[in-house]
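Structure data follow from data13.txt (compact mmCIF, C-alpha atoms and all ligand atoms):
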```
# COMPACT_ATOMS: atom_id res chain seq x y z
CA MET F 1 15.95 18.24 -7.07
CA SER F 2 12.38 17.60 -5.90
CA LEU F 3 11.43 14.23 -4.42
CA VAL F 4 9.49 13.30 -7.54
CA GLU F 5 12.48 14.17 -9.76
CA THR F 6 14.85 12.24 -7.47
CA ALA F 7 12.59 9.20 -7.74
CA ALA F 8 12.42 9.48 -11.52
CA SER F 9 16.23 9.73 -11.79
CA MET F 10 16.81 6.58 -9.72
CA ASN F 11 14.96 3.91 -11.58
CA SER F 12 17.83 1.49 -12.25
CA ALA F 13 17.89 -1.85 -10.42
CA PHE F 14 19.94 -1.91 -7.22
CA ASP F 15 22.53 -4.64 -6.67
CA SER F 16 23.46 -3.91 -3.07
CA ILE F 17 21.94 -2.42 0.08
CA PRO F 18 23.48 0.78 1.46
CA ILE F 19 24.75 1.23 5.03
CA VAL F 20 23.96 4.48 6.86
CA ASN F 21 25.82 5.34 10.04
CA ILE F 22 23.23 7.07 12.20
CA GLY F 23 25.58 7.63 15.16
CA CYS F 24 25.91 11.39 14.59
CA ALA F 25 22.43 12.90 14.54
CA SER F 26 22.63 15.54 17.23
CA THR F 27 22.89 18.75 15.16
CA PRO F 28 20.48 19.92 12.43
CA GLU F 29 23.36 19.75 9.91
CA GLU F 30 24.15 16.14 10.81
CA ARG F 31 20.50 15.18 10.56
CA ALA F 32 20.20 16.89 7.16
CA THR F 33 23.20 14.90 5.87
CA LEU F 34 21.73 11.65 7.17
CA ALA F 35 18.32 12.48 5.74
CA ARG F 36 19.86 12.83 2.27
CA GLN F 37 21.49 9.40 2.52
CA ILE F 38 18.26 7.89 3.79
CA ARG F 39 16.25 9.53 1.04
CA ASP F 40 18.51 8.01 -1.62
CA ALA F 41 18.28 4.57 0.00
CA CYS F 42 14.48 4.71 0.31
CA VAL F 43 13.98 5.95 -3.22
CA LYS F 44 16.35 3.49 -4.83
CA VAL F 45 16.22 0.36 -2.65
CA GLY F 46 13.60 0.62 0.10
CA PHE F 47 16.11 -1.14 2.39
CA PHE F 48 19.20 0.08 4.23
CA TYR F 49 21.40 -1.04 7.08
CA ILE F 50 21.99 1.25 10.04
CA SER F 51 25.24 1.15 11.98
CA ASP F 52 26.04 2.91 15.26
CA HIS F 53 22.36 2.50 16.16
CA GLY F 54 22.88 2.71 19.91
CA ILE F 55 21.14 -0.52 21.03
CA PRO F 56 23.55 -2.11 23.54
CA GLN F 57 24.98 -5.50 22.60
CA GLU F 58 23.91 -6.91 26.00
CA THR F 59 20.29 -6.04 25.19
CA ILE F 60 20.55 -7.91 21.90
CA ASP F 61 22.39 -10.88 23.45
CA ALA F 62 19.74 -11.20 26.16
CA VAL F 63 16.77 -11.22 23.79
CA PHE F 64 18.57 -13.66 21.48
CA SER F 65 19.19 -16.10 24.38
CA ALA F 66 15.60 -15.77 25.62
CA MET F 67 14.22 -16.40 22.15
CA LYS F 68 16.40 -19.47 21.55
CA ALA F 69 15.39 -20.97 24.89
CA TYR F 70 11.70 -20.26 24.29
CA PHE F 71 11.53 -21.72 20.78
CA SER F 72 13.29 -24.90 21.95
CA LEU F 73 10.43 -25.69 24.39
CA PRO F 74 8.00 -28.49 23.48
CA LEU F 75 5.27 -27.49 21.03
CA GLU F 76 2.48 -28.14 23.54
CA THR F 77 4.08 -25.72 26.01
CA LYS F 78 4.39 -23.02 23.36
CA MET F 79 0.82 -23.61 22.14
CA LYS F 80 -0.51 -22.52 25.55
CA LEU F 81 0.04 -18.98 24.23
CA TYR F 82 -1.36 -19.66 20.75
CA HIS F 83 -1.73 -16.27 19.12
CA ARG F 84 -5.15 -16.84 17.56
CA GLU F 85 -6.59 -17.16 21.04
CA GLY F 86 -5.19 -13.82 22.20
CA ALA F 87 -6.07 -10.37 20.83
CA ASN F 88 -4.28 -8.85 17.82
CA TYR F 89 -2.23 -12.02 17.18
CA ARG F 90 -0.07 -11.56 20.28
CA GLY F 91 1.69 -14.70 21.46
CA TYR F 92 3.01 -17.81 19.74
CA ALA F 93 2.53 -18.79 16.09
CA PRO F 94 3.57 -22.33 15.11
CA LEU F 95 5.16 -23.34 11.81
CA SER F 96 3.04 -22.63 8.71
CA ASP F 97 0.51 -20.59 10.64
CA ALA F 98 1.25 -17.34 8.80
CA ASN F 99 0.95 -17.27 5.05
CA PHE F 100 2.53 -14.39 3.18
CA SER F 101 1.77 -15.62 -0.33
CA ALA F 102 -1.39 -16.65 -2.15
CA GLU F 103 0.59 -19.41 -3.87
CA SER F 104 1.80 -21.11 -0.73
CA ARG F 105 0.34 -23.10 2.12
CA GLY F 106 2.28 -21.44 4.91
CA ASP F 107 5.61 -20.05 5.97
CA MET F 108 8.31 -22.12 7.66
CA PHE F 109 8.79 -20.05 10.76
CA GLU F 110 7.63 -20.00 14.35
CA GLY F 111 6.91 -16.56 15.73
CA PHE F 112 6.34 -14.83 19.03
CA VAL F 113 4.63 -11.42 18.98
CA ILE F 114 4.49 -8.67 21.58
CA GLY F 115 3.39 -5.04 21.59
CA TRP F 116 3.66 -2.05 23.88
CA GLU F 117 3.93 -2.58 27.62
CA GLU F 118 5.71 -0.56 30.30
CA PRO F 119 8.51 -2.64 31.89
CA VAL F 120 7.09 -1.51 35.25
CA PRO F 121 3.34 -0.66 35.00
CA LYS F 122 2.59 3.05 35.49
CA GLU F 123 -0.65 4.47 36.80
CA ASP F 124 -1.29 6.62 33.72
CA ASP F 125 -0.53 3.84 31.21
CA ASP F 126 -3.92 4.15 29.59
CA LYS F 127 -3.26 7.80 28.70
CA LYS F 128 -0.01 6.96 26.91
CA VAL F 129 -1.21 4.15 24.76
CA ASP F 130 -3.71 4.06 21.93
CA THR F 131 -7.02 2.48 22.85
CA THR F 132 -6.30 -0.36 20.41
CA ALA F 133 -3.51 -1.50 22.75
CA VAL F 134 -3.99 -5.08 23.98
CA PRO F 135 -2.22 -7.09 26.66
CA ASN F 136 0.83 -9.18 25.90
CA LEU F 137 0.99 -12.90 26.64
CA TRP F 138 4.08 -14.01 28.54
CA PRO F 139 5.49 -17.53 28.90
CA SER F 140 6.40 -18.74 32.40
CA GLU F 141 9.71 -20.04 31.03
CA PRO F 142 12.51 -19.36 30.28
CA ALA F 143 13.23 -17.10 33.25
CA GLY F 144 13.87 -13.49 32.27
CA PHE F 145 11.98 -13.75 28.95
CA ARG F 146 9.66 -10.78 29.59
CA GLU F 147 12.46 -8.51 30.76
CA ALA F 148 14.73 -9.39 27.83
CA PHE F 149 11.94 -8.93 25.27
CA LEU F 150 10.73 -5.62 26.74
CA ASN F 151 14.26 -4.22 27.02
CA TYR F 152 14.92 -4.86 23.37
CA TYR F 153 11.42 -3.67 22.40
CA HIS F 154 11.89 -0.35 24.19
CA ALA F 155 15.32 0.10 22.63
CA THR F 156 13.74 -0.20 19.18
CA VAL F 157 11.03 2.28 20.18
CA GLY F 158 13.81 4.82 20.93
CA LEU F 159 15.33 4.15 17.53
CA ARG F 160 11.92 4.47 15.92
CA ASN F 161 11.71 8.10 17.13
CA THR F 162 15.09 8.96 15.58
CA LEU F 163 14.16 7.28 12.32
CA PHE F 164 10.76 8.98 12.03
CA CYS F 165 12.53 12.30 12.43
CA LEU F 166 15.04 11.42 9.68
CA PHE F 167 12.29 10.13 7.37
CA ALA F 168 10.38 13.41 7.83
CA LEU F 169 13.48 15.41 6.86
CA ALA F 170 14.11 13.08 3.93
CA LEU F 171 10.58 13.93 2.74
CA ASP F 172 11.12 17.71 3.04
CA LEU F 173 8.78 17.82 6.05
CA PRO F 174 9.41 19.36 9.49
CA GLU F 175 11.32 16.80 11.55
CA THR F 176 8.48 16.61 14.09
CA TYR F 177 5.93 15.70 11.40
CA PHE F 178 5.38 12.13 12.59
CA GLY F 179 5.97 13.09 16.22
CA ASP F 180 2.49 12.99 17.69
CA ILE F 181 0.75 10.43 15.48
CA HIS F 182 2.44 7.27 16.59
CA ARG F 183 1.13 6.56 20.07
CA ASN F 184 -0.02 3.23 18.69
CA LEU F 185 3.32 1.65 19.42
CA PRO F 186 5.11 -0.98 17.36
CA THR F 187 4.47 -4.69 17.16
CA MET F 188 7.53 -6.90 17.52
CA ARG F 189 7.77 -10.43 16.13
CA SER F 190 10.66 -12.75 16.87
CA HIS F 191 11.21 -15.60 14.42
CA TYR F 192 12.71 -19.07 14.50
CA TYR F 193 13.38 -20.57 11.06
CA PRO F 194 14.27 -24.27 11.02
CA PRO F 195 16.99 -25.24 8.54
CA GLN F 196 15.46 -26.21 5.18
CA THR F 197 17.46 -29.00 3.65
CA GLY F 198 14.73 -31.26 2.27
CA PRO F 199 13.36 -31.53 -1.28
CA GLU F 200 10.74 -28.85 -0.54
CA GLU F 201 13.40 -26.19 -0.23
CA ASP F 202 12.72 -24.40 -3.49
CA TYR F 203 9.02 -23.82 -3.00
CA ILE F 204 8.52 -23.56 0.74
CA MET F 205 9.99 -20.39 2.14
CA GLY F 206 10.83 -19.32 5.66
CA ILE F 207 8.73 -16.28 4.75
CA ASN F 208 7.34 -16.04 1.25
CA ALA F 209 7.83 -12.98 -0.94
CA HIS F 210 5.97 -10.07 0.66
CA SER F 211 6.18 -6.41 1.50
CA ASP F 212 5.69 -5.20 5.07
CA PHE F 213 2.36 -3.57 6.01
CA GLU F 214 3.28 -0.61 8.14
CA CYS F 215 5.55 2.45 7.82
CA PHE F 216 8.90 0.77 8.35
CA THR F 217 10.52 -2.25 9.97
CA ILE F 218 13.58 -2.48 12.23
CA LEU F 219 15.10 -5.93 11.76
CA TRP F 220 17.75 -7.74 13.76
CA GLN F 221 19.19 -10.82 12.04
CA GLU F 222 21.22 -13.54 13.70
CA PRO F 223 24.89 -13.01 12.75
CA GLY F 224 26.59 -15.33 10.32
CA ILE F 225 23.57 -16.79 8.50
CA GLN F 226 22.41 -15.60 5.08
CA ALA F 227 18.64 -16.00 4.69
CA LEU F 228 17.00 -12.65 3.80
CA GLN F 229 16.70 -11.68 0.13
CA VAL F 230 15.38 -8.48 -1.45
CA LEU F 231 13.86 -8.20 -4.95
CA ASN F 232 15.15 -5.53 -7.34
CA SER F 233 13.33 -4.06 -10.32
CA ASP F 234 15.05 -6.56 -12.67
CA LYS F 235 13.37 -9.34 -10.61
CA GLN F 236 16.70 -10.52 -9.19
CA TRP F 237 16.94 -11.62 -5.57
CA ILE F 238 19.72 -9.66 -3.85
CA ASN F 239 21.09 -11.15 -0.62
CA ALA F 240 20.77 -9.01 2.52
CA PRO F 241 23.25 -10.80 4.79
CA PRO F 242 23.60 -9.88 8.45
CA ILE F 243 26.36 -7.28 8.86
CA PRO F 244 27.91 -7.20 12.35
CA GLY F 245 26.84 -4.19 14.38
CA THR F 246 23.96 -3.23 12.09
CA LEU F 247 20.19 -3.49 11.91
CA VAL F 248 18.18 -3.58 8.69
CA ILE F 249 15.53 -0.91 8.05
CA ASN F 250 12.95 -1.37 5.33
CA ILE F 251 10.06 0.76 4.15
CA GLY F 252 6.57 -0.73 4.44
CA ASP F 253 3.44 -0.26 2.33
CA LEU F 254 1.94 2.50 4.45
CA LEU F 255 4.93 4.82 4.02
CA ALA F 256 5.16 3.90 0.33
CA ARG F 257 1.50 4.85 -0.03
CA TRP F 258 2.04 8.08 1.91
CA THR F 259 4.92 8.99 -0.40
CA ASN F 260 3.09 7.98 -3.59
CA ASP F 261 5.74 5.25 -4.06
CA VAL F 262 8.63 7.75 -4.00
CA PHE F 263 9.83 5.59 -1.10
CA LYS F 264 9.80 1.92 -2.12
CA SER F 265 8.19 -0.86 -0.14
CA THR F 266 10.40 -3.57 -1.52
CA VAL F 267 9.44 -7.22 -1.76
CA HIS F 268 11.57 -9.58 0.31
CA ARG F 269 11.62 -13.20 1.47
CA VAL F 270 13.49 -15.49 3.81
CA ILE F 271 14.84 -18.94 3.10
CA ASN F 272 17.13 -20.67 5.55
CA LYS F 273 19.26 -23.05 3.51
CA SER F 274 21.98 -23.09 6.15
CA SER F 275 22.10 -26.36 8.06
CA VAL F 276 21.26 -24.68 11.38
CA PRO F 277 18.27 -22.79 12.83
CA ARG F 278 18.12 -19.08 12.14
CA TYR F 279 16.59 -16.37 14.33
CA SER F 280 15.51 -12.78 13.69
CA ILE F 281 13.39 -10.04 15.28
CA ALA F 282 11.26 -7.57 13.33
CA THR F 283 9.79 -4.45 14.94
CA PHE F 284 6.98 -3.13 12.76
CA VAL F 285 6.53 0.61 13.12
CA GLY F 286 3.26 2.27 12.17
CA VAL F 287 1.17 5.29 13.09
CA ASP F 288 -2.06 5.64 15.07
CA TYR F 289 -4.95 3.79 13.49
CA HIS F 290 -7.08 6.92 13.14
CA VAL F 291 -4.46 8.71 10.98
CA GLU F 292 -5.56 9.26 7.41
CA VAL F 293 -2.78 8.40 4.97
CA LYS F 294 -2.81 10.08 1.58
CA PRO F 295 0.03 10.99 -0.80
CA LEU F 296 2.08 13.92 0.55
CA PRO F 297 2.09 17.11 -1.57
CA SER F 298 5.91 16.90 -1.85
CA CYS F 299 5.54 13.47 -3.52
CA VAL F 300 3.05 14.34 -6.24
CA SER F 301 3.34 16.48 -9.37
CA PRO F 302 1.36 16.97 -12.58
CA GLU F 303 3.47 14.19 -14.16
CA SER F 304 3.16 11.98 -11.11
CA PRO F 305 -0.41 12.34 -9.77
CA PRO F 306 -1.61 10.57 -6.60
CA LYS F 307 -1.80 6.79 -7.13
CA TYR F 308 -3.72 6.01 -3.95
CA GLU F 309 -7.01 6.92 -2.34
CA PRO F 310 -6.80 8.15 1.27
CA ILE F 311 -7.00 5.31 3.79
CA PHE F 312 -7.04 5.12 7.58
CA ALA F 313 -3.86 3.49 8.87
CA GLY F 314 -5.88 1.05 11.02
CA ASP F 315 -8.07 -0.13 8.13
CA HIS F 316 -4.99 -0.83 6.06
CA VAL F 317 -3.20 -2.79 8.80
CA ARG F 318 -6.27 -4.84 9.79
CA LYS F 319 -6.91 -5.79 6.17
CA ARG F 320 -3.33 -6.95 5.66
CA LEU F 321 -3.23 -8.89 8.92
CA GLY F 322 -6.47 -10.61 7.96
CA GLU F 323 -5.04 -11.63 4.59
CA THR F 324 -1.89 -13.05 6.18
CA TYR F 325 -3.54 -15.09 8.91
CA HIS F 326 -6.80 -16.20 7.31
CA ARG F 327 -5.41 -17.37 4.03
CA ASN F 328 -4.64 -20.86 5.31
CA ALA F 329 -8.26 -21.33 6.32
CA THR F 330 -9.42 -20.23 2.88
CA LEU F 331 -6.99 -22.59 1.14
CA ALA F 332 -7.98 -25.53 3.30
CA LYS F 333 -11.61 -25.44 2.11
O1 LIG F 401 13.52 -12.76 9.24
C1 LIG F 401 13.81 -11.89 8.43
O2 LIG F 401 14.96 -11.68 8.06
C2 LIG F 401 12.73 -11.03 7.79
C3 LIG F 401 11.39 -11.14 8.43
C4 LIG F 401 10.34 -10.40 7.67
O3 LIG F 401 10.46 -10.09 6.52
C5 LIG F 401 9.08 -10.03 8.35
O4 LIG F 401 8.90 -10.44 9.51
O5 LIG F 401 8.26 -9.31 7.75
FE FE F 402 9.03 -8.56 6.00
```
Give the structure from the file, written as structure tokens.
Amino acid sequence: MSLVETAASMNSAFDSIPIVNIGCASTPEERATLARQIRDACVKVGFFYISDHGIPQETIDAVFSAMKAYFSLPLETKMKLYHREGANYRGYAPLSDANFSAESRGDMFEGFVIGWEEPVPKEDDDKKVDTTAVPNLWPSEPAGFREAFLNYYHATVGLRNTLFCLFALALDLPETYFGDIHRNLPTMRSHYYPPQTGPEEDYIMGINAHSDFECFTILWQEPGIQALQVLNSDKQWINAPPIPGTLVINIGDLLARWTNDVFKSTVHRVINKSSVPRYSIATFVGVDYHVEVKPLPSCVSPESPPKYEPIFAGDHVRKRLGETYHRNATLAK
């Protein structure tokens, strides 16, 4: 069945999020099997869990500890790295600084954002990284923060390569299709969500309903706390609880656009109604800003013509970032 036919045959609302074990991806046959599972998940849900993802537990434990220690510092200490003063929103974002919905006045999370950086600087760094790359901001405390964040970041970059290869196969493309167009490396945002127990809980979200901007997101959620919800086509919110040993992968708007919506960029939100803080880390994976994104031939047909004009990846991402971080200022007028 073609991709367009597969998409047309899978239009019922999902009620759960599939799990794909990506541990065996070394032979072409194994990758083809995985690509089929991933295709089904992307066409039907736009979200899936991956198990056997290869990121060591110590790497996750270390970044989790560093993040908890950092977010518990006094606000004035954290504001020294206020992200609007750095380039490309790197650094610290206080509560309600981001705004993912036109109807709201801000999202109830604190964030800390980093991008590409070699753990140990190399002389030819500038040749490896897209010219849009900007320096990270690093706090002086807690000790070990930079190392823990970069270790986890680089582990997700490795996973990103595997996933791009599987997405290409799932789209009937050569597995190297995305291989040389993603030197503009991911952005990673860690989140702290305070518990929401007050009367505002039904209209202020940890993160309001939104879809992600880029190609796909690799999400780690703190174990044991339900907070993430995903919207199905019947407009029901389906819980996406943390599942031990897994990460969540979701398709973003750029890949949905590239696939003419054969792959779904599904709306999701976070609300932390547990009585304790909740933490997560999202790695947003895109492609180089100069790449022109237009619906792939395998995703269009006479019955399903292209829905989108070509767009440069960078123009799309900058527009969406602007909408997210300037909306408060517009509302305040
Ligand atoms: O914290 C989460 O579970 C999700 C975060 C998210 O949706 C985002 O950062 O775009
Ligand atoms: Fe998101």
Between F:Arg90, F:Arg160, F:His83, F:Arg269, single out the one closest to ligand FE 402 (chain F), counting all atoms listed in the file.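 Ranked by minimum distance to ligand FE 402 (chain F), first place goes to F:Arg269.
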Which residues sit within 9 Å of ligand FE 402 (chain F), counting all atoms listed in the file, listed as a VMD selection string? chain F and resid 207 209 to 213 217 219 250 252 267 to 270 282 284
Neighbour list for segment 294-298 of chain F as an mmCIF file with C-alpha atoms, in the coordinates of the input, cut-off 9 Å, all atoms listed in the file, skip fewer than 4 positions in-chain:
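For reference, part16.cif as written:
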```cif
data_model
loop_
_atom_site.group_PDB
_atom_site.id
_atom_site.type_symbol
_atom_site.label_atom_id
_atom_site.label_comp_id
_atom_site.auth_asym_id
_atom_site.auth_seq_id
_atom_site.Cartn_x
_atom_site.Cartn_y
_atom_site.Cartn_z
ATOM 1 C CA SER F 2 12.380 17.600 -5.900
ATOM 2 C CA LEU F 3 11.430 14.230 -4.420
ATOM 3 C CA VAL F 4 9.490 13.300 -7.540
ATOM 4 C CA LEU F 171 10.580 13.930 2.740
ATOM 5 C CA ASP F 172 11.120 17.710 3.040
ATOM 6 C CA LEU F 173 8.780 17.820 6.050
ATOM 7 C CA ALA F 256 5.160 3.900 0.330
ATOM 8 C CA ARG F 257 1.500 4.850 -0.030
ATOM 9 C CA TRP F 258 2.040 8.080 1.910
ATOM 10 C CA THR F 259 4.920 8.990 -0.400
ATOM 11 C CA ASN F 260 3.090 7.980 -3.590
ATOM 12 C CA ASP F 261 5.740 5.250 -4.060
ATOM 13 C CA PRO F 306 -1.610 10.570 -6.600
ATOM 14 C CA LYS F 307 -1.800 6.790 -7.130
ATOM 15 C CA TYR F 308 -3.720 6.010 -3.950
ATOM 16 C CA GLU F 309 -7.010 6.920 -2.340
ATOM 17 C CA PRO F 310 -6.800 8.150 1.270
ATOM 18 C CA ILE F 311 -7.000 5.310 3.790
ATOM 19 C CA PHE F 312 -7.040 5.120 7.580
#
```
Which residue is closest to Thr6 of chain F? Choose from F:Asn21, F:Ala62, F:Val293, F:Ala170 and count all atoms listed in the file. F:Ala170
Can you pull out every residue within 12 Å of Glu5 of chain F, counting only C-alpha atoms, but drop anything in the same chain fewer than 5 positions away, and send it as a PyMOL selection string? chain F and resi 10-11+40+43+262+298-304
Which residue, F:Ile251, F:Glu323, F:Gly179, F:Pro119, has the smallest gap to Thr266 of chain F when you use only C-alpha atoms?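 Answer, going by the shortest atom-to-atom distance: F:Ile251.
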When you look at Phe178 of chain F with a cut-off of 8 Å (counting only C-alpha atoms), what residues show up, excluding the ones that are within fewer than 5 positions of it in the same chain? I need them as a list in words.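 Near Phe178 of chain F, the qualifying residues are Phe164, Cys165 and Ala168 of chain F.
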